[in-house]
file data.txt (compact mmCIF, C-alpha atoms and all ligand atoms)
# COMPACT_ATOMS: atom_id res chain seq x y z
CA MET A 69 3.28 -10.84 -30.10
CA VAL A 70 5.67 -12.71 -27.86
CA ALA A 71 5.20 -10.66 -24.71
CA GLU A 72 4.74 -13.08 -21.82
CA THR A 73 3.12 -10.74 -19.34
CA ALA A 74 0.49 -8.07 -19.72
CA LEU A 75 -0.72 -5.75 -17.01
CA THR A 76 -4.26 -4.65 -17.77
CA VAL A 77 -6.96 -2.68 -16.03
CA ASP A 78 -8.53 -6.00 -15.00
CA ASP A 79 -5.62 -6.64 -12.62
CA LEU A 80 -6.01 -3.45 -10.61
CA VAL A 81 -7.50 -2.90 -7.18
CA ALA A 82 -7.67 0.72 -5.98
CA PRO A 83 -7.07 1.36 -2.25
CA LEU A 84 -9.30 4.21 -1.08
CA PHE A 85 -9.57 6.12 2.20
CA VAL A 86 -12.77 7.54 3.62
CA ARG A 87 -12.72 9.82 6.64
CA GLU A 88 -15.51 10.52 9.05
CA GLY A 89 -16.56 14.09 9.83
CA ILE A 90 -14.96 16.05 6.99
CA ASP A 91 -16.66 18.23 4.37
CA THR A 92 -13.95 18.32 1.75
CA PRO A 93 -11.45 15.69 0.62
CA GLN A 94 -8.12 16.01 2.44
CA PRO A 95 -4.89 15.57 0.50
CA ILE A 96 -2.28 13.24 2.02
CA ALA A 97 1.09 14.98 1.77
CA SER A 98 3.17 11.82 1.55
CA LEU A 99 0.83 10.22 -1.03
CA PRO A 100 0.51 12.80 -3.83
CA GLY A 101 -2.72 12.35 -5.76
CA VAL A 102 -4.36 10.27 -3.01
CA VAL A 103 -6.89 11.82 -0.63
CA GLN A 104 -8.93 11.05 2.44
CA HIS A 105 -12.39 11.06 0.90
CA THR A 106 -15.65 12.36 2.23
CA ARG A 107 -18.56 9.97 1.75
CA ALA A 108 -19.66 12.03 -1.26
CA SER A 109 -16.25 12.31 -2.91
CA LEU A 110 -15.72 8.57 -2.42
CA ARG A 111 -18.91 7.87 -4.36
CA ARG A 112 -17.71 10.07 -7.21
CA GLU A 113 -14.29 8.45 -7.24
CA VAL A 114 -15.70 4.94 -7.39
CA ALA A 115 -18.10 5.94 -10.17
CA GLU A 116 -15.12 7.25 -12.14
CA LEU A 117 -13.04 4.15 -11.47
CA ARG A 118 -15.93 2.03 -12.62
CA ALA A 119 -16.18 4.04 -15.84
CA LEU A 120 -12.47 3.44 -16.38
CA GLY A 121 -13.00 -0.30 -15.96
CA VAL A 122 -11.21 -0.76 -12.63
CA PRO A 123 -12.81 -3.96 -11.33
CA ALA A 124 -12.26 -3.58 -7.58
CA ILE A 125 -11.55 -1.24 -4.69
CA ILE A 126 -10.37 -1.82 -1.12
CA LEU A 127 -11.69 0.57 1.48
CA PHE A 128 -9.96 1.93 4.60
CA GLY A 129 -11.74 4.05 7.20
CA VAL A 130 -10.48 6.96 9.27
CA PRO A 131 -12.84 7.42 12.22
CA GLU A 132 -13.44 10.72 13.96
CA ARG A 133 -12.74 9.16 17.35
CA LYS A 134 -10.41 6.33 18.26
CA ASP A 135 -10.59 4.21 21.43
CA PRO A 136 -8.54 1.39 22.99
CA GLN A 137 -10.87 -1.28 21.55
CA GLY A 138 -11.16 0.20 18.07
CA SER A 139 -14.94 0.06 18.28
CA GLY A 140 -15.45 2.21 15.18
CA ALA A 141 -14.35 -0.81 13.17
CA TRP A 142 -17.51 -2.80 13.89
CA ASP A 143 -20.02 -0.05 14.69
CA PRO A 144 -22.83 -0.42 12.12
CA ASP A 145 -22.70 3.38 11.81
CA GLY A 146 -18.91 3.38 11.55
CA ILE A 147 -17.43 5.18 8.60
CA VAL A 148 -16.51 2.15 6.50
CA GLN A 149 -19.90 0.55 7.04
CA VAL A 150 -21.89 3.62 5.97
CA ALA A 151 -19.57 4.32 3.04
CA LEU A 152 -19.81 0.72 1.85
CA ALA A 153 -23.57 0.83 1.92
CA ASP A 154 -23.44 4.00 -0.24
CA LEU A 155 -21.17 2.27 -2.75
CA ARG A 156 -23.25 -0.89 -2.83
CA ASP A 157 -26.27 1.26 -3.72
CA ASP A 158 -24.32 3.12 -6.40
CA VAL A 159 -22.47 0.36 -8.22
CA GLY A 160 -24.43 -2.81 -7.54
CA ASP A 161 -22.27 -5.73 -8.63
CA ASP A 162 -20.21 -3.75 -11.15
CA VAL A 163 -17.30 -3.12 -8.81
CA VAL A 164 -15.95 -5.66 -6.32
CA LEU A 165 -15.99 -4.05 -2.88
CA MET A 166 -13.22 -5.15 -0.56
CA THR A 167 -12.58 -3.97 2.98
CA ASP A 168 -9.39 -3.94 4.96
CA LEU A 169 -10.23 -5.78 8.17
CA CYS A 170 -8.10 -4.52 11.03
CA LEU A 171 -8.28 -2.38 14.13
CA ASP A 172 -5.25 -0.12 13.77
CA GLU A 173 -7.11 2.74 12.07
CA TYR A 174 -9.59 2.70 14.98
CA THR A 175 -7.46 2.10 18.07
CA SER A 176 -6.08 5.00 20.09
CA HIS A 177 -2.77 3.11 20.53
CA GLY A 178 -2.40 2.28 16.84
CA HIS A 179 -1.86 -1.47 17.18
CA CYS A 180 -3.73 -3.98 15.05
CA GLY A 181 -5.27 -5.62 18.11
CA VAL A 182 -6.44 -4.85 21.62
CA LEU A 183 -3.75 -4.74 24.28
CA ASP A 184 -3.28 -6.97 27.32
CA ASP A 185 -2.30 -5.74 30.78
CA ASP A 186 1.33 -5.47 29.69
CA GLY A 187 0.43 -3.25 26.77
CA GLN A 188 1.07 -5.98 24.19
CA PRO A 189 -1.43 -7.00 21.50
CA ASP A 190 -3.64 -9.79 22.84
CA ASN A 191 -4.01 -12.24 19.97
CA ASP A 192 -7.04 -14.21 21.08
CA ALA A 193 -9.03 -11.29 22.47
CA THR A 194 -8.45 -9.57 19.13
CA LEU A 195 -9.87 -12.51 17.15
CA GLU A 196 -13.28 -12.01 18.76
CA LEU A 197 -13.27 -8.39 17.65
CA TYR A 198 -12.16 -9.26 14.10
CA ALA A 199 -15.17 -11.59 13.90
CA GLN A 200 -17.43 -8.67 14.81
CA VAL A 201 -15.76 -6.42 12.24
CA ALA A 202 -16.22 -9.08 9.55
CA LEU A 203 -19.94 -9.29 10.32
CA ALA A 204 -20.38 -5.52 10.26
CA GLN A 205 -18.56 -5.27 6.93
CA ALA A 206 -20.53 -8.16 5.42
CA GLU A 207 -23.78 -6.60 6.61
CA ALA A 208 -22.79 -3.30 4.97
CA GLY A 209 -22.13 -4.96 1.62
CA ALA A 210 -18.51 -6.16 1.42
CA ASP A 211 -17.85 -8.83 -1.21
CA ILE A 212 -14.41 -9.64 0.15
CA VAL A 213 -12.94 -8.94 3.58
CA ALA A 214 -9.18 -8.66 3.82
CA PRO A 215 -7.79 -9.27 7.31
CA SER A 216 -4.49 -7.41 7.60
CA GLY A 217 -3.73 -7.59 11.32
CA MET A 218 -1.55 -10.74 11.18
CA MET A 219 -3.06 -12.24 14.34
CA ASP A 220 -2.73 -16.03 14.47
CA GLY A 221 -6.02 -17.77 13.70
CA GLN A 222 -7.69 -14.67 12.23
CA VAL A 223 -8.84 -16.31 9.01
CA LEU A 224 -10.52 -19.19 10.83
CA ALA A 225 -12.19 -16.90 13.35
CA ILE A 226 -13.58 -14.70 10.57
CA ARG A 227 -14.66 -17.63 8.38
CA GLU A 228 -16.56 -19.24 11.24
CA ALA A 229 -18.27 -16.02 12.22
CA LEU A 230 -19.31 -15.27 8.63
CA ASP A 231 -20.59 -18.79 8.00
CA GLU A 232 -22.57 -18.89 11.25
CA GLU A 233 -24.39 -15.70 10.33
CA GLY A 234 -25.19 -16.74 6.78
CA TRP A 235 -22.40 -14.89 4.98
CA SER A 236 -20.73 -17.92 3.45
CA ASP A 237 -20.55 -16.13 0.10
CA VAL A 238 -18.34 -13.35 1.50
CA ALA A 239 -14.78 -14.23 0.50
CA ILE A 240 -11.57 -13.77 2.48
CA LEU A 241 -8.45 -12.24 0.97
CA ALA A 242 -5.84 -12.98 3.64
CA TYR A 243 -2.88 -10.68 4.03
CA ALA A 244 -0.89 -13.88 4.57
CA ALA A 245 2.66 -12.78 3.92
CA LYS A 246 2.73 -9.30 5.34
CA TYR A 247 6.15 -8.05 6.24
CA ALA A 248 7.10 -5.61 9.00
CA SER A 249 8.15 -3.07 6.39
CA ALA A 250 9.46 0.47 6.51
CA LEU A 251 7.40 1.10 3.38
CA TYR A 252 4.09 1.65 5.21
CA GLY A 253 5.02 5.14 6.43
CA PRO A 254 2.80 7.22 4.13
CA PHE A 255 -0.14 4.89 4.80
CA ARG A 256 0.07 5.70 8.49
CA ASP A 257 -0.24 9.38 7.57
CA ALA A 258 -3.25 8.48 5.44
CA VAL A 259 -5.07 6.85 8.34
CA ASP A 260 -3.65 9.07 11.12
CA VAL A 261 -2.01 6.17 12.93
CA THR A 262 0.93 6.51 15.29
CA ILE A 263 1.87 3.40 17.22
CA VAL A 264 2.02 4.18 20.93
CA GLY A 265 5.43 4.61 22.54
CA GLY A 266 7.28 4.48 19.23
CA GLY A 267 6.27 0.80 18.95
CA ASP A 268 6.29 -1.33 15.82
CA ARG A 269 4.56 -4.38 14.42
CA LYS A 270 7.50 -6.75 14.48
CA GLY A 271 5.70 -8.90 17.03
CA TYR A 272 3.05 -9.91 14.50
CA GLN A 273 4.28 -9.01 11.00
CA GLN A 274 6.94 -11.00 9.15
CA ASP A 275 10.70 -10.52 9.36
CA TYR A 276 11.98 -9.44 5.94
CA ARG A 277 14.96 -11.75 6.27
CA ASN A 278 12.62 -14.73 6.03
CA ALA A 279 10.81 -16.22 3.05
CA ARG A 280 10.10 -19.78 4.20
CA GLU A 281 8.29 -18.37 7.21
CA ALA A 282 5.97 -16.50 4.84
CA LEU A 283 5.15 -19.74 3.05
CA GLU A 284 4.22 -21.25 6.40
CA GLU A 285 1.84 -18.33 7.02
CA ILE A 286 0.35 -18.90 3.58
CA ARG A 287 -0.28 -22.58 4.31
CA PHE A 288 -1.92 -21.73 7.63
CA ASP A 289 -4.22 -19.15 6.07
CA LEU A 290 -5.25 -21.50 3.30
CA ASP A 291 -6.00 -24.27 5.80
CA GLU A 292 -8.09 -21.82 7.79
CA GLY A 293 -10.25 -21.03 4.76
CA ALA A 294 -8.65 -18.14 2.88
CA ASP A 295 -10.01 -17.81 -0.67
CA MET A 296 -7.14 -15.63 -1.87
CA LEU A 297 -3.78 -14.68 -0.48
CA MET A 298 -1.82 -11.47 -0.39
CA VAL A 299 1.88 -10.71 -0.37
CA LYS A 300 2.82 -7.25 0.89
CA PRO A 301 4.77 -5.11 0.04
CA ALA A 302 5.25 -6.07 -3.61
CA VAL A 303 8.48 -5.09 -5.34
CA THR A 304 10.83 -6.06 -2.50
CA TYR A 305 9.08 -9.45 -2.19
CA LEU A 306 8.90 -10.71 -5.78
CA ASP A 307 10.63 -13.93 -4.69
CA VAL A 308 7.91 -14.53 -2.12
CA ILE A 309 5.22 -13.98 -4.77
CA THR A 310 6.91 -16.49 -7.06
CA ARG A 311 7.30 -19.05 -4.31
CA ALA A 312 3.71 -18.57 -3.21
CA ARG A 313 2.56 -19.00 -6.82
CA ALA A 314 4.35 -22.33 -7.02
CA LEU A 315 2.84 -23.46 -3.73
CA VAL A 316 -0.86 -22.66 -4.09
CA ASP A 317 -3.54 -22.48 -6.77
CA VAL A 318 -5.78 -19.81 -5.27
CA PRO A 319 -5.53 -16.25 -6.60
CA ILE A 320 -2.58 -14.27 -5.30
CA ALA A 321 -2.74 -10.55 -4.74
CA ALA A 322 0.23 -8.28 -4.18
CA TYR A 323 0.03 -4.92 -2.44
CA HIS A 324 2.22 -2.23 -3.98
CA VAL A 325 2.21 -0.20 -0.77
CA SER A 326 2.25 3.46 0.09
CA GLY A 327 6.05 3.77 0.36
CA GLU A 328 6.52 2.10 -3.01
CA TYR A 329 4.12 4.57 -4.56
CA ALA A 330 5.60 7.55 -2.75
CA MET A 331 9.14 6.76 -3.92
CA VAL A 332 8.10 6.67 -7.55
CA LYS A 333 6.06 9.87 -7.18
CA ALA A 334 8.83 11.74 -5.38
CA ALA A 335 11.51 10.86 -7.94
CA ALA A 336 9.13 11.64 -10.80
CA GLU A 337 8.28 15.03 -9.28
CA ARG A 338 11.97 15.92 -9.40
CA GLY A 339 12.14 14.82 -12.99
CA TRP A 340 14.60 12.08 -12.08
CA ILE A 341 12.51 9.25 -13.50
CA ASP A 342 9.51 8.86 -15.78
CA GLY A 343 6.83 8.12 -13.16
CA PRO A 344 4.18 6.32 -15.22
CA ALA A 345 6.84 4.26 -17.04
CA VAL A 346 8.40 3.15 -13.76
CA ALA A 347 4.98 2.37 -12.28
CA LEU A 348 4.15 0.23 -15.28
CA GLU A 349 7.49 -1.55 -15.11
CA GLN A 350 7.21 -2.28 -11.38
CA LEU A 351 3.63 -3.48 -11.51
CA THR A 352 4.25 -5.62 -14.58
CA ALA A 353 7.15 -7.22 -12.68
CA VAL A 354 4.74 -8.02 -9.87
CA LYS A 355 2.50 -9.83 -12.33
CA ARG A 356 5.46 -11.52 -13.98
CA ALA A 357 6.47 -12.82 -10.55
CA GLY A 358 3.09 -14.55 -10.34
CA ALA A 359 0.50 -12.20 -8.85
CA ASP A 360 -3.01 -12.27 -10.32
CA LEU A 361 -4.05 -8.90 -8.97
CA VAL A 362 -2.29 -5.81 -7.72
CA LEU A 363 -3.49 -3.37 -5.08
CA THR A 364 -1.98 -0.06 -6.09
CA TYR A 365 -2.38 3.67 -5.57
CA PHE A 366 -1.52 3.90 -9.28
CA ALA A 367 -4.80 2.16 -10.19
CA ARG A 368 -6.52 5.27 -11.47
CA GLU A 369 -3.49 6.71 -13.26
CA LEU A 370 -2.77 3.42 -15.01
CA ALA A 371 -6.41 2.86 -15.91
CA GLU A 372 -6.38 6.30 -17.56
CA LEU A 373 -3.16 5.42 -19.34
CA PHE A 374 -4.62 2.14 -20.60
CA ALA A 375 -7.79 3.91 -21.73
CA ASP A 376 -5.86 6.34 -23.94
C1 LIG A 401 -3.17 -2.41 8.50
C2 LIG A 401 -2.66 -2.05 7.15
C3 LIG A 401 -1.49 -1.34 6.85
C4 LIG A 401 -1.44 -1.23 5.45
C5 LIG A 401 -2.56 -1.86 4.94
N1 LIG A 401 -3.30 -2.38 6.01
C6 LIG A 401 -0.52 -0.69 7.76
C7 LIG A 401 0.34 -1.48 8.64
O1 LIG A 401 0.36 -2.69 8.65
O2 LIG A 401 1.07 -0.83 9.38
C8 LIG A 401 -0.36 -0.54 4.69
C9 LIG A 401 -0.67 -0.21 3.27
C10 LIG A 401 0.27 0.73 2.62
O3 LIG A 401 1.35 1.07 3.14
O4 LIG A 401 -0.07 1.18 1.53
N2 LIG A 401 -4.54 -2.04 8.63

call {"tool": "encode", "arguments": {"input": "data.txt", "output": "structure tokens"}}
result
Amino acid sequence: MVAETALTVDDLVAPLFVREGIDTPQPIASLPGVVQHTRASLRREVAELRALGVPAIILFGVPERKDPQGSGAWDPDGIVQVALADLRDDVGDDVVLMTDLCLDEYTSHGHCGVLDDDGQPDNDATLELYAQVALAQAEAGADIVAPSGMMDGQVLAIREALDEEGWSDVAILAYAAKYASALYGPFRDAVDVTIVGGGDRKGYQQDYRNAREALEEIRFDLDEGADMLMVKPAVTYLDVITRARALVDVPIAAYHVSGEYAMVKAAAERGWIDGPAVALEQLTAVKRAGADLVLTYFARELAELFAD
């Protein structure tokens, strides 16, 4: 009766992977229970999530071929675009369809942007490509695009491109406070990304020693037209979620990322912790900190738990 926080199925967003050119779903070793879907298995999964009452999914694509530009990201026949169109046909408006908007799954070098002559991500050249990706995703049926590349000015570039082409009703969930985290490892297995030359994303993602800097990123993204903001990862950044909540009134999402999921799964597999109980505790804490929605690989498992 006096519980202050409740995590329900309505708070969950399921991250899903779809891979081009495969006939059967491929398990991801470091993300037990998560697979790279075929187009067909993705449709089945989303139908099942819908039946369980999960309100939203976010889609990531794994292309058959990668190139320096990441052109699969905006190709109208690219894997995310065709898969989105399938889902839009299947579920209509019953499930909110979000897309991760980035180039790293599609670039041969694994960075979130195109590279300049020195091999460094070129911020402004990348913005033009993000605008093209946004249009391709909107065209294919995305309700919400979620730019995750942390390039400066990305929200404005995407908003302008969408508005100019008549997609003013497509919303932007900005990965505003995205930290350069060691917790993304299993995700990079999921999308077959290795950053060239042992590189990292510290040039464009946030330093985990800083919280005020994240608030600055949040203010920028809101000024540029973000409809919702994301903090990522989740459990190690509860303070950032709380501070963001106090600062803004738009919805705040938190991404309980691949490494957070994998740690719980690995300990549970050994019988060291009760996996579902820990998942529930962690994700409830994320809500208690102030998040309105949680992106989590536990979405399906928790929805099943709640349905029991
Ligand atoms: C970038 C992106 C990443 C994740 C979501 N979008 C990887 C990165 O920034 O290196 C990570 C999600 C996770 O770890 O679950 N497209």

call {"tool": "closest_atom_pairs", "arguments": {"input": "data.txt", "of": "chain A", "to": "ligand LIG 401 (chain A)", "cutoff": "6 Å", "atoms": "all atoms listed in the file", "output": "CSV"}}
result
residue,atom,partner,partner_atom,distance
A:Cys170,CA,A:LIG401,N2,5.0
A:Asp172,CA,A:LIG401,N2,5.5
A:Ser216,CA,A:LIG401,C1,5.2
A:Gly217,CA,A:LIG401,C1,5.9
A:Tyr252,CA,A:LIG401,O3,3.5
A:Phe255,CA,A:LIG401,O3,4.4
A:Val325,CA,A:LIG401,O4,3.5
A:Ser326,CA,A:LIG401,O4,3.6

call {"tool": "closest_residue", "arguments": {"input": "data.txt", "among": "A:Ile90, A:Val308, A:Ala193, A:Ala206", "to": "Lys246 (chain A)", "atoms": "all atoms listed in the file"}}
result
A:Val308

call {"tool": "atom_distance", "arguments": {"input": "data.txt", "atom1": "CA of Tyr174 (chain A)", "atom2": "CA of Lys134 (chain A)"}}
result
5.0 Å

call {"tool": "residues_near_point", "arguments": {"input": "data.txt", "point": "(0.1, -15.7, 5.8)", "cutoff": "9 Å", "atoms": "all atoms listed in the file", "output": "tab-separated table (two decimals) with C-alpha atoms, in the coordinates of the input"}}
result
chain	number	residue	atom	x	y	z
A	218	MET	CA	-1.55	-10.74	11.18
A	242	ALA	CA	-5.84	-12.98	3.64
A	243	TYR	CA	-2.88	-10.68	4.03
A	244	ALA	CA	-0.89	-13.88	4.57
A	245	ALA	CA	2.66	-12.78	3.92
A	246	LYS	CA	2.73	-9.30	5.34
A	274	GLN	CA	6.94	-11.00	9.15
A	281	GLU	CA	8.29	-18.37	7.21
A	282	ALA	CA	5.97	-16.50	4.84
A	283	LEU	CA	5.15	-19.74	3.05
A	284	GLU	CA	4.22	-21.25	6.40
A	285	GLU	CA	1.84	-18.33	7.02
A	286	ILE	CA	0.35	-18.90	3.58
A	287	ARG	CA	-0.28	-22.58	4.31
A	288	PHE	CA	-1.92	-21.73	7.63
A	289	ASP	CA	-4.22	-19.15	6.07
A	290	LEU	CA	-5.25	-21.50	3.30
A	297	LEU	CA	-3.78	-14.68	-0.48
A	298	MET	CA	-1.82	-11.47	-0.39
A	299	VAL	CA	1.88	-10.71	-0.37

call {"tool": "residues_around", "arguments": {"input": "data.txt", "residues": "region 161-164 of chain A", "least_positions_apart": "5", "cutoff": "10 Å", "atoms": "all atoms listed in the file", "output": "list in words"}}
result
Val81, Val114, Ala115, Leu117, Arg118, Ala119, Gly121, Val122, Pro123, Ala124, Ile125, Ile126, Leu155, Arg156, Ala210, Asp211 and Ile212 of chain A

call {"tool": "write_last_selection", "arguments": {"input": "data.txt", "atoms": "C-alpha atoms", "output": "PDB file, in the coordinates of the input"}}
result
ATOM      1  CA  VAL A  81      -7.500  -2.900  -7.180  1.00  0.00           C
ATOM      2  CA  VAL A 114     -15.700   4.940  -7.390  1.00  0.00           C
ATOM      3  CA  ALA A 115     -18.100   5.940 -10.170  1.00  0.00           C
ATOM      4  CA  LEU A 117     -13.040   4.150 -11.470  1.00  0.00           C
ATOM      5  CA  ARG A 118     -15.930   2.030 -12.620  1.00  0.00           C
ATOM      6  CA  ALA A 119     -16.180   4.040 -15.840  1.00  0.00           C
ATOM      7  CA  GLY A 121     -13.000  -0.300 -15.960  1.00  0.00           C
ATOM      8  CA  VAL A 122     -11.210  -0.760 -12.630  1.00  0.00           C
ATOM      9  CA  PRO A 123     -12.810  -3.960 -11.330  1.00  0.00           C
ATOM     10  CA  ALA A 124     -12.260  -3.580  -7.580  1.00  0.00           C
ATOM     11  CA  ILE A 125     -11.550  -1.240  -4.690  1.00  0.00           C
ATOM     12  CA  ILE A 126     -10.370  -1.820  -1.120  1.00  0.00           C
ATOM     13  CA  LEU A 155     -21.170   2.270  -2.750  1.00  0.00           C
ATOM     14  CA  ARG A 156     -23.250  -0.890  -2.830  1.00  0.00           C
ATOM     15  CA  ALA A 210     -18.510  -6.160   1.420  1.00  0.00           C
ATOM     16  CA  ASP A 211     -17.850  -8.830  -1.210  1.00  0.00           C
ATOM     17  CA  ILE A 212     -14.410  -9.640   0.150  1.00  0.00           C
TER      18      ILE A 212
END

call {"tool": "residues_around", "arguments": {"input": "data.txt", "residues": "Gln94 (chain A)", "least_positions_apart": "5", "cutoff": "8 Å", "atoms": "all atoms listed in the file", "output": "ChimeraX atom specification"}}
result
/A:103-105

call {"tool": "closest_residue", "arguments": {"input": "data.txt", "among": "A:Leu251, A:Ala141, A:Asp260, A:Pro83", "to": "Leu203 (chain A)", "atoms": "all atoms listed in the file"}}
result
A:Ala141

call {"tool": "atom_distance", "arguments": {"input": "data.txt", "atom1": "CA of Ala250 (chain A)", "atom2": "CA of Glu173 (chain A)"}}
result
17.6 Å

call {"tool": "decode", "arguments": {"input": "data.txt", "residues": "region 277-285 of chain A", "atoms": "all heavy atoms", "output": "PDB file, in the first residue's frame"}}
result
ATOM      1  N   ARG A 277      33.705  10.076 -14.831  1.00  0.00           N
ATOM      2  CA  ARG A 277      34.002  10.851 -13.623  1.00  0.00           C
ATOM      3  C   ARG A 277      33.152  12.111 -13.541  1.00  0.00           C
ATOM      4  O   ARG A 277      33.160  12.799 -12.536  1.00  0.00           O
ATOM      5  CB  ARG A 277      35.494  11.209 -13.600  1.00  0.00           C
ATOM      6  CG  ARG A 277      36.371   9.959 -13.464  1.00  0.00           C
ATOM      7  CD  ARG A 277      37.818  10.266 -13.688  1.00  0.00           C
ATOM      8  NE  ARG A 277      38.060  10.702 -15.068  1.00  0.00           N
ATOM      9  CZ  ARG A 277      39.262  10.924 -15.575  1.00  0.00           C
ATOM     10  NH1 ARG A 277      40.337  10.758 -14.827  1.00  0.00           N
ATOM     11  NH2 ARG A 277      39.401  11.318 -16.826  1.00  0.00           N
ATOM     12  N   ASN A 278      32.432  12.409 -14.625  1.00  0.00           N
ATOM     13  CA  ASN A 278      31.699  13.681 -14.682  1.00  0.00           C
ATOM     14  C   ASN A 278      30.187  13.490 -14.700  1.00  0.00           C
ATOM     15  O   ASN A 278      29.676  12.677 -15.465  1.00  0.00           O
ATOM     16  CB  ASN A 278      32.101  14.446 -15.953  1.00  0.00           C
ATOM     17  CG  ASN A 278      33.544  14.880 -15.922  1.00  0.00           C
ATOM     18  OD1 ASN A 278      34.210  14.771 -14.879  1.00  0.00           O
ATOM     19  ND2 ASN A 278      34.036  15.371 -17.037  1.00  0.00           N
ATOM     20  N   ALA A 279      29.504  14.280 -13.870  1.00  0.00           N
ATOM     21  CA  ALA A 279      28.040  14.299 -13.914  1.00  0.00           C
ATOM     22  C   ALA A 279      27.532  15.646 -14.432  1.00  0.00           C
ATOM     23  O   ALA A 279      26.594  15.693 -15.233  1.00  0.00           O
ATOM     24  CB  ALA A 279      27.465  14.024 -12.526  1.00  0.00           C
ATOM     25  N   ARG A 280      28.154  16.728 -14.031  1.00  0.00           N
ATOM     26  CA  ARG A 280      27.688  18.045 -14.502  1.00  0.00           C
ATOM     27  C   ARG A 280      27.773  18.123 -16.023  1.00  0.00           C
ATOM     28  O   ARG A 280      26.907  18.685 -16.676  1.00  0.00           O
ATOM     29  CB  ARG A 280      28.542  19.168 -13.895  1.00  0.00           C
ATOM     30  CG  ARG A 280      28.345  19.370 -12.408  1.00  0.00           C
ATOM     31  CD  ARG A 280      28.889  20.732 -11.982  1.00  0.00           C
ATOM     32  NE  ARG A 280      30.272  20.922 -12.384  1.00  0.00           N
ATOM     33  CZ  ARG A 280      31.329  20.661 -11.590  1.00  0.00           C
ATOM     34  NH1 ARG A 280      31.152  20.221 -10.371  1.00  0.00           N
ATOM     35  NH2 ARG A 280      32.555  20.859 -12.032  1.00  0.00           N
ATOM     36  N   GLU A 281      28.829  17.528 -16.565  1.00  0.00           N
ATOM     37  CA  GLU A 281      29.003  17.551 -18.016  1.00  0.00           C
ATOM     38  C   GLU A 281      27.811  16.868 -18.708  1.00  0.00           C
ATOM     39  O   GLU A 281      27.367  17.302 -19.774  1.00  0.00           O
ATOM     40  CB  GLU A 281      30.313  16.838 -18.362  1.00  0.00           C
ATOM     41  CG  GLU A 281      30.723  16.968 -19.802  1.00  0.00           C
ATOM     42  CD  GLU A 281      31.951  16.116 -20.131  1.00  0.00           C
ATOM     43  OE1 GLU A 281      32.224  15.127 -19.421  1.00  0.00           O
ATOM     44  OE2 GLU A 281      32.624  16.458 -21.108  1.00  0.00           O
ATOM     45  N   ALA A 282      27.300  15.825 -18.078  1.00  0.00           N
ATOM     46  CA  ALA A 282      26.144  15.127 -18.653  1.00  0.00           C
ATOM     47  C   ALA A 282      24.915  16.042 -18.654  1.00  0.00           C
ATOM     48  O   ALA A 282      24.120  16.030 -19.594  1.00  0.00           O
ATOM     49  CB  ALA A 282      25.856  13.855 -17.865  1.00  0.00           C
ATOM     50  N   LEU A 283      24.783  16.837 -17.603  1.00  0.00           N
ATOM     51  CA  LEU A 283      23.638  17.749 -17.549  1.00  0.00           C
ATOM     52  C   LEU A 283      23.740  18.794 -18.656  1.00  0.00           C
ATOM     53  O   LEU A 283      22.730  19.207 -19.241  1.00  0.00           O
ATOM     54  CB  LEU A 283      23.557  18.426 -16.172  1.00  0.00           C
ATOM     55  CG  LEU A 283      23.421  17.454 -14.991  1.00  0.00           C
ATOM     56  CD1 LEU A 283      23.291  18.222 -13.685  1.00  0.00           C
ATOM     57  CD2 LEU A 283      22.232  16.511 -15.167  1.00  0.00           C
ATOM     58  N   GLU A 284      24.954  19.188 -18.954  1.00  0.00           N
ATOM     59  CA  GLU A 284      25.172  20.138 -20.050  1.00  0.00           C
ATOM     60  C   GLU A 284      24.734  19.506 -21.381  1.00  0.00           C
ATOM     61  O   GLU A 284      24.066  20.147 -22.195  1.00  0.00           O
ATOM     62  CB  GLU A 284      26.662  20.515 -20.059  1.00  0.00           C
ATOM     63  CG  GLU A 284      27.035  21.639 -20.979  1.00  0.00           C
ATOM     64  CD  GLU A 284      26.517  23.008 -20.554  1.00  0.00           C
ATOM     65  OE1 GLU A 284      25.670  23.087 -19.646  1.00  0.00           O
ATOM     66  OE2 GLU A 284      26.945  23.997 -21.178  1.00  0.00           O
ATOM     67  N   GLU A 285      25.081  18.245 -21.575  1.00  0.00           N
ATOM     68  CA  GLU A 285      24.667  17.534 -22.799  1.00  0.00           C
ATOM     69  C   GLU A 285      23.137  17.456 -22.881  1.00  0.00           C
ATOM     70  O   GLU A 285      22.543  17.567 -23.948  1.00  0.00           O
ATOM     71  CB  GLU A 285      25.225  16.105 -22.813  1.00  0.00           C
ATOM     72  CG  GLU A 285      26.733  16.012 -22.951  1.00  0.00           C
ATOM     73  CD  GLU A 285      27.213  16.208 -24.385  1.00  0.00           C
ATOM     74  OE1 GLU A 285      26.385  16.100 -25.310  1.00  0.00           O
ATOM     75  OE2 GLU A 285      28.414  16.487 -24.564  1.00  0.00           O
TER      76      GLU A 285
END
